[in-house]
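For reference, input-v8.cif is printed below; it contains mmCIF, C-alpha atoms.
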```
data_upload
#
loop_
_atom_site.group_PDB
_atom_site.id
_atom_site.type_symbol
_atom_site.label_atom_id
_atom_site.label_comp_id
_atom_site.auth_asym_id
_atom_site.auth_seq_id
_atom_site.Cartn_x
_atom_site.Cartn_y
_atom_site.Cartn_z
ATOM 1 C CA MET A 1 0.000 0.000 0.000
ATOM 2 C CA LEU A 2 1.285 3.448 -0.983
ATOM 3 C CA VAL A 3 0.201 6.850 0.334
ATOM 4 C CA ASP A 4 1.022 9.996 -1.649
ATOM 5 C CA ASP A 5 1.743 13.472 -0.236
ATOM 6 C CA LEU A 6 -1.967 14.295 0.031
ATOM 7 C CA GLY A 7 -2.797 11.102 1.900
ATOM 8 C CA THR A 8 -4.386 9.243 -0.995
ATOM 9 C CA THR A 9 -3.859 5.488 -0.887
ATOM 10 C CA LEU A 10 -2.614 3.693 -3.974
ATOM 11 C CA THR A 11 -2.344 -0.053 -4.362
ATOM 12 C CA SER A 12 0.536 -1.567 -6.273
ATOM 13 C CA ASP A 13 1.930 -5.072 -6.433
ATOM 14 C CA ALA A 14 5.095 -4.206 -8.343
ATOM 15 C CA PRO A 15 7.338 -1.265 -9.213
ATOM 16 C CA PRO A 16 5.748 0.843 -11.955
ATOM 17 C CA ARG A 17 7.128 0.067 -15.401
ATOM 18 C CA ARG A 18 5.235 2.784 -17.296
ATOM 19 C CA VAL A 19 5.166 6.281 -15.777
ATOM 20 C CA VAL A 20 3.674 9.533 -17.097
ATOM 21 C CA SER A 21 4.732 12.833 -15.546
ATOM 22 C CA LEU A 22 2.554 15.948 -15.553
ATOM 23 C CA VAL A 23 5.200 18.145 -13.879
ATOM 24 C CA PRO A 24 8.244 19.441 -15.806
ATOM 25 C CA SER A 25 10.600 19.394 -12.824
ATOM 26 C CA LEU A 26 9.526 15.893 -11.834
ATOM 27 C CA THR A 27 9.886 14.766 -15.446
ATOM 28 C CA GLU A 28 13.532 15.786 -15.286
ATOM 29 C CA ALA A 29 13.901 13.900 -12.002
ATOM 30 C CA LEU A 30 12.316 10.763 -13.462
ATOM 31 C CA ALA A 31 14.420 10.993 -16.622
ATOM 32 C CA HIS A 32 17.548 10.945 -14.463
ATOM 33 C CA THR A 33 16.278 8.266 -12.084
ATOM 34 C CA CYS A 34 14.241 5.773 -14.112
ATOM 35 C CA PRO A 35 14.471 6.647 -17.823
ATOM 36 C CA ASP A 36 13.419 3.105 -18.684
ATOM 37 C CA ALA A 37 10.001 3.693 -17.087
ATOM 38 C CA LEU A 38 9.165 7.211 -18.298
ATOM 39 C CA VAL A 39 6.757 6.951 -21.249
ATOM 40 C CA GLY A 40 4.898 10.278 -21.246
ATOM 41 C CA ALA A 41 5.312 13.930 -20.280
ATOM 42 C CA THR A 42 3.744 17.330 -20.911
ATOM 43 C CA ASP A 43 4.624 19.677 -23.755
ATOM 44 C CA TRP A 44 6.312 21.894 -21.138
ATOM 45 C CA CYS A 45 8.724 19.176 -20.050
ATOM 46 C CA THR A 46 11.866 20.556 -21.688
ATOM 47 C CA HIS A 47 14.590 18.826 -19.673
ATOM 48 C CA PRO A 48 16.532 16.819 -20.488
ATOM 49 C CA ALA A 49 16.704 18.350 -23.959
ATOM 50 C CA ASP A 50 16.778 14.961 -25.680
ATOM 51 C CA LEU A 51 13.724 13.595 -23.871
ATOM 52 C CA ASP A 52 11.940 11.278 -26.292
ATOM 53 C CA VAL A 53 8.555 10.286 -24.855
ATOM 54 C CA ALA A 54 4.908 10.698 -25.812
ATOM 55 C CA ARG A 55 3.561 14.198 -25.193
ATOM 56 C CA VAL A 56 0.252 14.616 -23.372
ATOM 57 C CA ARG A 57 -0.371 18.369 -23.798
ATOM 58 C CA GLY A 58 -0.024 20.843 -20.897
ATOM 59 C CA THR A 59 0.040 20.771 -17.107
ATOM 60 C CA LYS A 60 -3.373 22.466 -16.840
ATOM 61 C CA ASN A 61 -5.023 20.736 -19.800
ATOM 62 C CA PRO A 62 -3.523 17.248 -20.155
ATOM 63 C CA ASN A 63 -5.053 14.971 -22.745
ATOM 64 C CA LEU A 64 -6.558 12.344 -20.477
ATOM 65 C CA ARG A 65 -7.325 9.978 -23.331
ATOM 66 C CA THR A 66 -3.721 10.066 -24.539
ATOM 67 C CA ILE A 67 -2.521 9.388 -21.006
ATOM 68 C CA ALA A 68 -4.881 6.438 -20.588
ATOM 69 C CA ASP A 69 -3.848 5.040 -23.980
ATOM 70 C CA LEU A 70 -0.245 4.922 -22.734
ATOM 71 C CA SER A 71 -1.402 2.362 -20.117
ATOM 72 C CA PRO A 72 0.640 3.903 -17.285
ATOM 73 C CA ASP A 73 1.204 2.072 -14.032
ATOM 74 C CA LEU A 74 1.596 5.497 -12.424
ATOM 75 C CA VAL A 75 0.977 9.152 -13.243
ATOM 76 C CA VAL A 76 2.961 11.720 -11.252
ATOM 77 C CA ALA A 77 1.283 15.076 -10.556
ATOM 78 C CA ASN A 78 1.663 18.060 -8.234
ATOM 79 C CA LYS A 79 -0.930 19.812 -6.079
ATOM 80 C CA GLU A 80 0.007 23.300 -7.288
ATOM 81 C CA GLU A 81 0.835 22.632 -10.929
ATOM 82 C CA ASN A 82 -1.997 20.281 -11.856
ATOM 83 C CA ARG A 83 -5.757 20.490 -11.485
ATOM 84 C CA GLU A 84 -7.571 18.318 -8.962
ATOM 85 C CA LEU A 85 -10.240 17.741 -11.617
ATOM 86 C CA ASP A 86 -7.760 16.078 -13.983
ATOM 87 C CA VAL A 87 -6.350 13.937 -11.185
ATOM 88 C CA ARG A 88 -9.855 12.817 -10.242
ATOM 89 C CA ARG A 89 -10.827 12.012 -13.812
ATOM 90 C CA LEU A 90 -7.677 9.952 -14.322
ATOM 91 C CA ARG A 91 -8.426 7.987 -11.176
ATOM 92 C CA GLU A 92 -11.995 7.450 -12.381
ATOM 93 C CA ARG A 93 -10.476 5.843 -15.483
ATOM 94 C CA GLY A 94 -8.551 3.488 -13.218
ATOM 95 C CA VAL A 95 -5.215 5.268 -13.652
ATOM 96 C CA PRO A 96 -3.199 5.492 -10.409
ATOM 97 C CA VAL A 97 -1.969 9.029 -9.687
ATOM 98 C CA TRP A 98 0.701 9.999 -7.166
ATOM 99 C CA VAL A 99 0.325 13.675 -6.164
ATOM 100 C CA THR A 100 3.229 15.584 -4.647
ATOM 101 C CA ASP A 101 2.807 18.612 -2.371
ATOM 102 C CA ILE A 102 5.792 20.966 -2.284
ATOM 103 C CA GLU A 103 6.011 24.433 -0.715
ATOM 104 C CA ASP A 104 9.662 24.739 0.280
ATOM 105 C CA VAL A 105 13.070 23.146 -0.151
ATOM 106 C CA SER A 106 12.660 20.678 2.711
ATOM 107 C CA SER A 107 9.314 19.399 1.460
ATOM 108 C CA ALA A 108 10.750 19.143 -2.061
ATOM 109 C CA LEU A 109 13.576 16.909 -0.890
ATOM 110 C CA THR A 110 11.290 14.809 1.311
ATOM 111 C CA SER A 111 8.648 14.479 -1.399
ATOM 112 C CA MET A 112 11.124 13.429 -4.068
ATOM 113 C CA ARG A 113 12.756 10.857 -1.801
ATOM 114 C CA ARG A 114 9.327 9.357 -1.076
ATOM 115 C CA LEU A 115 8.450 9.360 -4.765
ATOM 116 C CA VAL A 116 11.664 7.566 -5.693
ATOM 117 C CA VAL A 117 11.832 5.084 -2.834
ATOM 118 C CA GLU A 118 8.174 4.358 -2.088
ATOM 119 C CA ALA A 119 6.307 4.953 -5.343
ATOM 120 C CA LEU A 120 8.993 4.042 -7.895
ATOM 121 C CA ARG A 121 10.831 1.571 -5.635
ATOM 122 C CA ARG A 122 14.239 2.709 -6.812
ATOM 123 C CA GLU A 123 17.490 3.457 -5.052
ATOM 124 C CA VAL A 124 18.053 7.068 -4.023
ATOM 125 C CA PRO A 125 19.890 8.632 -6.989
ATOM 126 C CA ASP A 126 23.152 10.530 -6.724
ATOM 127 C CA TRP A 127 21.549 13.829 -7.751
ATOM 128 C CA LEU A 128 19.127 13.642 -4.821
ATOM 129 C CA LEU A 129 21.851 12.778 -2.332
ATOM 130 C CA ARG A 130 23.862 15.748 -3.601
ATOM 131 C CA ALA A 131 20.837 18.069 -3.416
ATOM 132 C CA GLU A 132 20.159 16.990 0.167
ATOM 133 C CA GLU A 133 23.787 17.692 1.042
ATOM 134 C CA LEU A 134 23.888 21.121 -0.592
ATOM 135 C CA TRP A 135 20.565 22.401 0.678
ATOM 136 C CA GLY A 136 21.047 20.955 4.145
ATOM 137 C CA ALA A 137 23.979 23.296 4.792
ATOM 138 C CA PRO A 138 23.487 26.433 6.943
ATOM 139 C CA ALA A 139 22.373 29.558 5.098
ATOM 140 C CA PRO A 140 25.074 32.154 4.419
ATOM 141 C CA ALA A 141 25.052 35.672 5.821
ATOM 142 C CA PRO A 142 22.209 37.871 4.520
ATOM 143 C CA ARG A 143 22.909 39.210 1.038
ATOM 144 C CA GLY A 144 19.983 41.594 0.650
ATOM 145 C CA ARG A 145 16.336 41.850 -0.380
ATOM 146 C CA VAL A 146 14.992 40.704 -3.720
ATOM 147 C CA ALA A 147 11.733 40.591 -5.631
ATOM 148 C CA VAL A 148 10.848 37.954 -8.219
ATOM 149 C CA PRO A 149 8.208 38.869 -10.805
ATOM 150 C CA ILE A 150 6.658 35.916 -12.614
ATOM 151 C CA TRP A 151 4.312 37.892 -14.891
ATOM 152 C CA ARG A 152 3.712 41.368 -16.217
ATOM 153 C CA ASP A 153 0.597 43.232 -17.397
ATOM 154 C CA PRO A 154 -0.552 42.566 -14.750
ATOM 155 C CA TRP A 155 2.556 42.224 -12.649
ATOM 156 C CA MET A 156 2.659 39.198 -10.345
ATOM 157 C CA VAL A 157 5.421 38.155 -7.974
ATOM 158 C CA VAL A 158 6.566 35.217 -5.891
ATOM 159 C CA GLY A 159 5.147 35.639 -2.410
ATOM 160 C CA PRO A 160 5.138 33.754 0.917
ATOM 161 C CA ARG A 161 4.959 29.997 1.442
ATOM 162 C CA THR A 162 6.648 29.179 -1.854
ATOM 163 C CA TYR A 163 9.520 26.969 -2.871
ATOM 164 C CA THR A 164 11.276 29.921 -4.524
ATOM 165 C CA THR A 165 11.101 32.123 -1.425
ATOM 166 C CA ASP A 166 12.589 29.371 0.739
ATOM 167 C CA LEU A 167 15.279 28.588 -1.836
ATOM 168 C CA LEU A 168 16.330 32.242 -1.939
ATOM 169 C CA ALA A 169 16.362 32.458 1.859
ATOM 170 C CA ARG A 170 18.734 29.498 1.988
ATOM 171 C CA LEU A 171 21.024 31.461 -0.329
ATOM 172 C CA GLY A 172 20.912 34.546 1.899
ATOM 173 C CA TRP A 173 18.293 36.523 -0.051
ATOM 174 C CA GLY A 174 15.142 37.786 1.643
ATOM 175 C CA ASN A 175 12.022 38.038 -0.508
ATOM 176 C CA ALA A 176 10.662 41.557 -0.051
ATOM 177 C CA CYS A 177 7.243 40.358 -1.222
ATOM 178 C CA ALA A 178 7.045 37.659 1.436
ATOM 179 C CA GLU A 179 7.956 39.600 4.558
ATOM 180 C CA ALA A 180 5.828 40.302 7.631
ATOM 181 C CA GLY A 181 2.543 41.804 6.567
ATOM 182 C CA ALA A 182 2.245 39.780 3.375
ATOM 183 C CA ASP A 183 -0.943 37.730 3.085
ATOM 184 C CA PRO A 184 0.191 34.131 3.738
ATOM 185 C CA GLU A 185 -2.652 32.824 1.572
ATOM 186 C CA ASP A 186 -1.646 34.938 -1.433
ATOM 187 C CA ARG A 187 1.389 33.057 -2.640
ATOM 188 C CA TYR A 188 1.649 34.853 -5.990
ATOM 189 C CA PRO A 189 0.185 38.327 -5.400
ATOM 190 C CA HIS A 190 -0.574 40.990 -7.987
ATOM 191 C CA VAL A 191 1.480 44.170 -7.519
ATOM 192 C CA GLU A 192 2.188 47.466 -9.227
ATOM 193 C CA VAL A 193 5.635 47.809 -10.702
ATOM 194 C CA THR A 194 6.194 50.814 -8.425
ATOM 195 C CA GLN A 195 6.015 48.408 -5.469
ATOM 196 C CA LEU A 196 9.074 46.636 -6.886
ATOM 197 C CA ASP A 197 11.088 49.530 -8.281
ATOM 198 C CA ARG A 198 12.237 50.832 -4.895
ATOM 199 C CA PRO A 199 15.613 51.754 -3.413
ATOM 200 C CA ASP A 200 15.152 49.314 -0.513
ATOM 201 C CA ILE A 201 15.021 46.350 -2.912
ATOM 202 C CA ASP A 202 18.564 45.316 -3.760
ATOM 203 C CA LEU A 203 17.785 43.191 -6.802
ATOM 204 C CA VAL A 204 14.837 42.244 -8.993
ATOM 205 C CA LEU A 205 15.244 38.764 -10.457
ATOM 206 C CA LEU A 206 13.569 38.364 -13.843
ATOM 207 C CA PRO A 207 13.143 34.671 -14.732
ATOM 208 C CA ASP A 208 12.455 33.289 -18.196
ATOM 209 C CA GLU A 209 9.369 31.374 -17.056
ATOM 210 C CA PRO A 210 6.424 31.340 -16.664
ATOM 211 C CA TYR A 211 6.685 34.806 -18.235
ATOM 212 C CA GLU A 212 9.692 34.978 -20.509
ATOM 213 C CA PHE A 213 11.500 38.108 -19.378
ATOM 214 C CA THR A 214 14.290 39.109 -21.753
ATOM 215 C CA ALA A 215 16.842 41.895 -22.059
ATOM 216 C CA GLU A 216 14.260 43.834 -24.105
ATOM 217 C CA ASP A 217 11.179 42.899 -22.066
ATOM 218 C CA GLY A 218 11.369 43.555 -18.330
ATOM 219 C CA PRO A 219 14.472 45.513 -17.289
ATOM 220 C CA GLU A 220 13.237 48.690 -19.014
ATOM 221 C CA ALA A 221 10.359 48.893 -16.507
ATOM 222 C CA PHE A 222 12.794 49.547 -13.636
ATOM 223 C CA THR A 223 14.646 52.797 -13.058
ATOM 224 C CA THR A 224 15.652 52.404 -9.400
ATOM 225 C CA ALA A 225 16.025 48.738 -8.446
ATOM 226 C CA PRO A 226 18.716 46.843 -10.357
ATOM 227 C CA THR A 227 17.551 43.826 -12.332
ATOM 228 C CA ARG A 228 19.075 40.511 -13.365
ATOM 229 C CA LEU A 229 17.832 37.946 -15.861
ATOM 230 C CA VAL A 230 17.876 34.464 -14.390
ATOM 231 C CA SER A 231 16.850 30.948 -15.329
ATOM 232 C CA GLY A 232 13.346 30.241 -14.070
ATOM 233 C CA ARG A 233 14.256 26.571 -13.935
ATOM 234 C CA LEU A 234 16.869 27.270 -11.275
ATOM 235 C CA LEU A 235 14.391 29.249 -9.178
ATOM 236 C CA THR A 236 11.371 26.975 -9.414
ATOM 237 C CA TRP A 237 12.280 23.452 -10.503
ATOM 238 C CA TYR A 238 12.890 20.822 -7.845
ATOM 239 C CA GLY A 239 14.791 17.722 -8.912
ATOM 240 C CA PRO A 240 18.253 17.631 -10.500
ATOM 241 C CA ALA A 241 17.909 21.383 -11.137
ATOM 242 C CA MET A 242 18.368 21.882 -7.374
ATOM 243 C CA VAL A 243 22.011 20.857 -7.653
ATOM 244 C CA GLU A 244 22.662 23.272 -10.499
ATOM 245 C CA ALA A 245 20.654 25.996 -8.753
ATOM 246 C CA HIS A 246 22.834 25.852 -5.646
ATOM 247 C CA GLU A 247 26.038 25.877 -7.651
ATOM 248 C CA VAL A 248 24.992 28.764 -9.904
ATOM 249 C CA LEU A 249 22.991 30.989 -7.574
ATOM 250 C CA SER A 250 25.384 30.673 -4.644
ATOM 251 C CA ARG A 251 28.118 32.408 -6.578
ATOM 252 C CA ASP A 252 25.969 35.137 -8.132
#
```

Is it possible to give me this structure as structure tokens?
Amino acid sequence: MLVDDLGTTLTSDAPPRRVVSLVPSLTEALAHTCPDALVGATDWCTHPADLDVARVRGTKNPNLRTIADLSPDLVVANKEENRELDVRRLRERGVPVWVTDIEDVSSALTSMRRLVVEALRREVPDWLLRAEELWGAPAPAPRGRVAVPIWRDPWMVVGPRTYTTDLLARLGWGNACAEAGADPEDRYPHVEVTQLDRPDIDLVLLPDEPYEFTAEDGPEAFTTAPTRLVSGRLLTWYGPAMVEAHEVLSRD
């Protein structure tokens, strides 16, 4: 008997041999851990670059018929990235779905270890051991305050109770949009750009996803706070990206 992160019980007599992932970051983790079992992924699953599996449309609108036709032993989903409706409809078709629930670095590491060991019945991979080592180290001295927009027109930012905010804190960066006074239930609040372009914000990080900020689209909106383009994958993807994120963002 298996129990996913949301407490749903799954029954399985053997390790899954056919797995579909509905989460880009978890697709990358599965591709590095059990490439022999991964048979399907979303159109947004871009890593590894040479991933050659059936595509099942997007995270918010997966093609349930295509997924069922792949005859998966397990579908991997995430509470935040995927819709409960799609998870329920897959289960109604008799497709077992393992749902992860991740809000910070610790829960990401714990959730992925459970997924690998309990659901997939595999050995803990080297990338996960390395990620646990890197992110288990004490946080460095404070480096300053940042803001992380994820959309513009309207502007939206990373707020409290998010994986990105915790990841940045472990690198010494405080999220100005997640400090005392922020609504803990509003994890990705709408803001005005003037709330970000302030002298007391040391850096505005402009990721390339979900909104694709570029040198021509984003920095020009700021005249006071300095900006930096950054990989959204390093800020938001759990999995093997966590190793690269620590190595890259620690030295920036």

request  = Check what the PyMOL selection byres ((chain A and resi 248) around 12) selects in the file above and give those residues as a list of chain:residue names.
outcome  = A:Leu171, A:Val230, A:Ser231, A:Arg233, A:Leu234, A:Leu235, A:Ala241, A:Met242, A:Val243, A:Glu244, A:Ala245, A:His246, A:Glu247, A:Leu249, A:Ser250, A:Arg251, A:Asp252

task = List, as an NGL selection string, every residue that the PyMOL selection byres ((chain A and resi 208) around 10) selects in the file provided.
result = :A and (150-151 or 205-207 or 209-214 or 229-233)

task = Can you give me, as a PyMOL selection string, the residues this file yields under the PyMOL selection byres ((chain A and resi 116) around 12)?
result = chain A and resi 4+15-16+26+29-34+76+98+100+109-115+117-129+239

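Picture a line from CA of Ala178 in chain A to CA of Arg145 in chain A; it runs 10.4 Å.
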
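With CA of Leu6 in chain A on one side and CA of Asp101 in chain A on the other, the separation reads 6.9 Å.
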
key: Interatomic distance, CA of Arg57 in chain A to CA of Arg18 in chain A (Å, one decimal)   = 17.8 Å

List the residues sitting within 12 Å of (-0.6, 17.2, -20.3) in the file's frame, using all atoms listed in the file, as a compact mmCIF listing (two decimals) with C-alpha atoms, in the coordinates of the input.
```txt
# COMPACT_ATOMS: atom_id res chain seq x y z
CA VAL A 20 3.67 9.53 -17.10
CA SER A 21 4.73 12.83 -15.55
CA LEU A 22 2.55 15.95 -15.55
CA VAL A 23 5.20 18.14 -13.88
CA PRO A 24 8.24 19.44 -15.81
CA THR A 27 9.89 14.77 -15.45
CA GLY A 40 4.90 10.28 -21.25
CA ALA A 41 5.31 13.93 -20.28
CA THR A 42 3.74 17.33 -20.91
CA ASP A 43 4.62 19.68 -23.76
CA TRP A 44 6.31 21.89 -21.14
CA CYS A 45 8.72 19.18 -20.05
CA ALA A 54 4.91 10.70 -25.81
CA ARG A 55 3.56 14.20 -25.19
CA VAL A 56 0.25 14.62 -23.37
CA ARG A 57 -0.37 18.37 -23.80
CA GLY A 58 -0.02 20.84 -20.90
CA THR A 59 0.04 20.77 -17.11
CA LYS A 60 -3.37 22.47 -16.84
CA ASN A 61 -5.02 20.74 -19.80
CA PRO A 62 -3.52 17.25 -20.16
CA ASN A 63 -5.05 14.97 -22.74
CA LEU A 64 -6.56 12.34 -20.48
CA ARG A 65 -7.32 9.98 -23.33
CA THR A 66 -3.72 10.07 -24.54
CA ILE A 67 -2.52 9.39 -21.01
CA ALA A 68 -4.88 6.44 -20.59
CA VAL A 75 0.98 9.15 -13.24
CA VAL A 76 2.96 11.72 -11.25
CA ALA A 77 1.28 15.08 -10.56
CA GLU A 81 0.84 22.63 -10.93
CA ASN A 82 -2.00 20.28 -11.86
CA ARG A 83 -5.76 20.49 -11.48
CA ASP A 86 -7.76 16.08 -13.98
CA VAL A 87 -6.35 13.94 -11.18
CA LEU A 90 -7.68 9.95 -14.32
```

message = At a cut-off of 9 Å, using all atoms listed in the file, what residues contact Thr8 in chain A? Leave out same-chain residues fewer than 5 positions from it and give the result as a PyMOL selection string.
response = chain A and resi 2-3+98-99

Output file for the selection above: C-alpha atoms, as a PDB file, keeping the file's coordinate frame:
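For reference, part.pdb as written:
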```pdb
ATOM      1  CA  LEU A   2       1.285   3.448  -0.983  1.00  0.00           C
ATOM      2  CA  VAL A   3       0.201   6.850   0.334  1.00  0.00           C
ATOM      3  CA  TRP A  98       0.701   9.999  -7.166  1.00  0.00           C
ATOM      4  CA  VAL A  99       0.325  13.675  -6.164  1.00  0.00           C
TER       5      VAL A  99
END
```

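Proximity to Glu179 in chain A was assessed for A:Ala147, A:Val95, A:Val193, A:Val39 counting all atoms listed in the file; the smallest distance is recorded for A:Ala147.
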
Cut-off 12 Å: closest range 24-120 of chain A/range 156-167 of chain A atom pairs per residue, using all atoms listed in the file, as a tab-separated table:
```
residue	atom	partner	partner_atom	distance
A:Glu80	CA	A:Thr162	CA	10.4
A:Asp101	CA	A:Tyr163	CA	10.7
A:Ile102	CA	A:Tyr163	CA	7.1
A:Glu103	CA	A:Tyr163	CA	4.8
A:Asp104	CA	A:Tyr163	CA	3.9
A:Val105	CA	A:Tyr163	CA	5.9
A:Ser106	CA	A:Asp166	CA	8.9
A:Ser107	CA	A:Tyr163	CA	8.7
A:Ala108	CA	A:Tyr163	CA	8.0
A:Leu109	CA	A:Tyr163	CA	11.0
```

task = Write out as a ChimeraX atom specification each polymer residue whose atoms come within 6 Å of Leu74 in chain A, counting all atoms listed in the file; drop sequence neighbours fewer than 2 positions from it.
result = /A:19,72,96-97
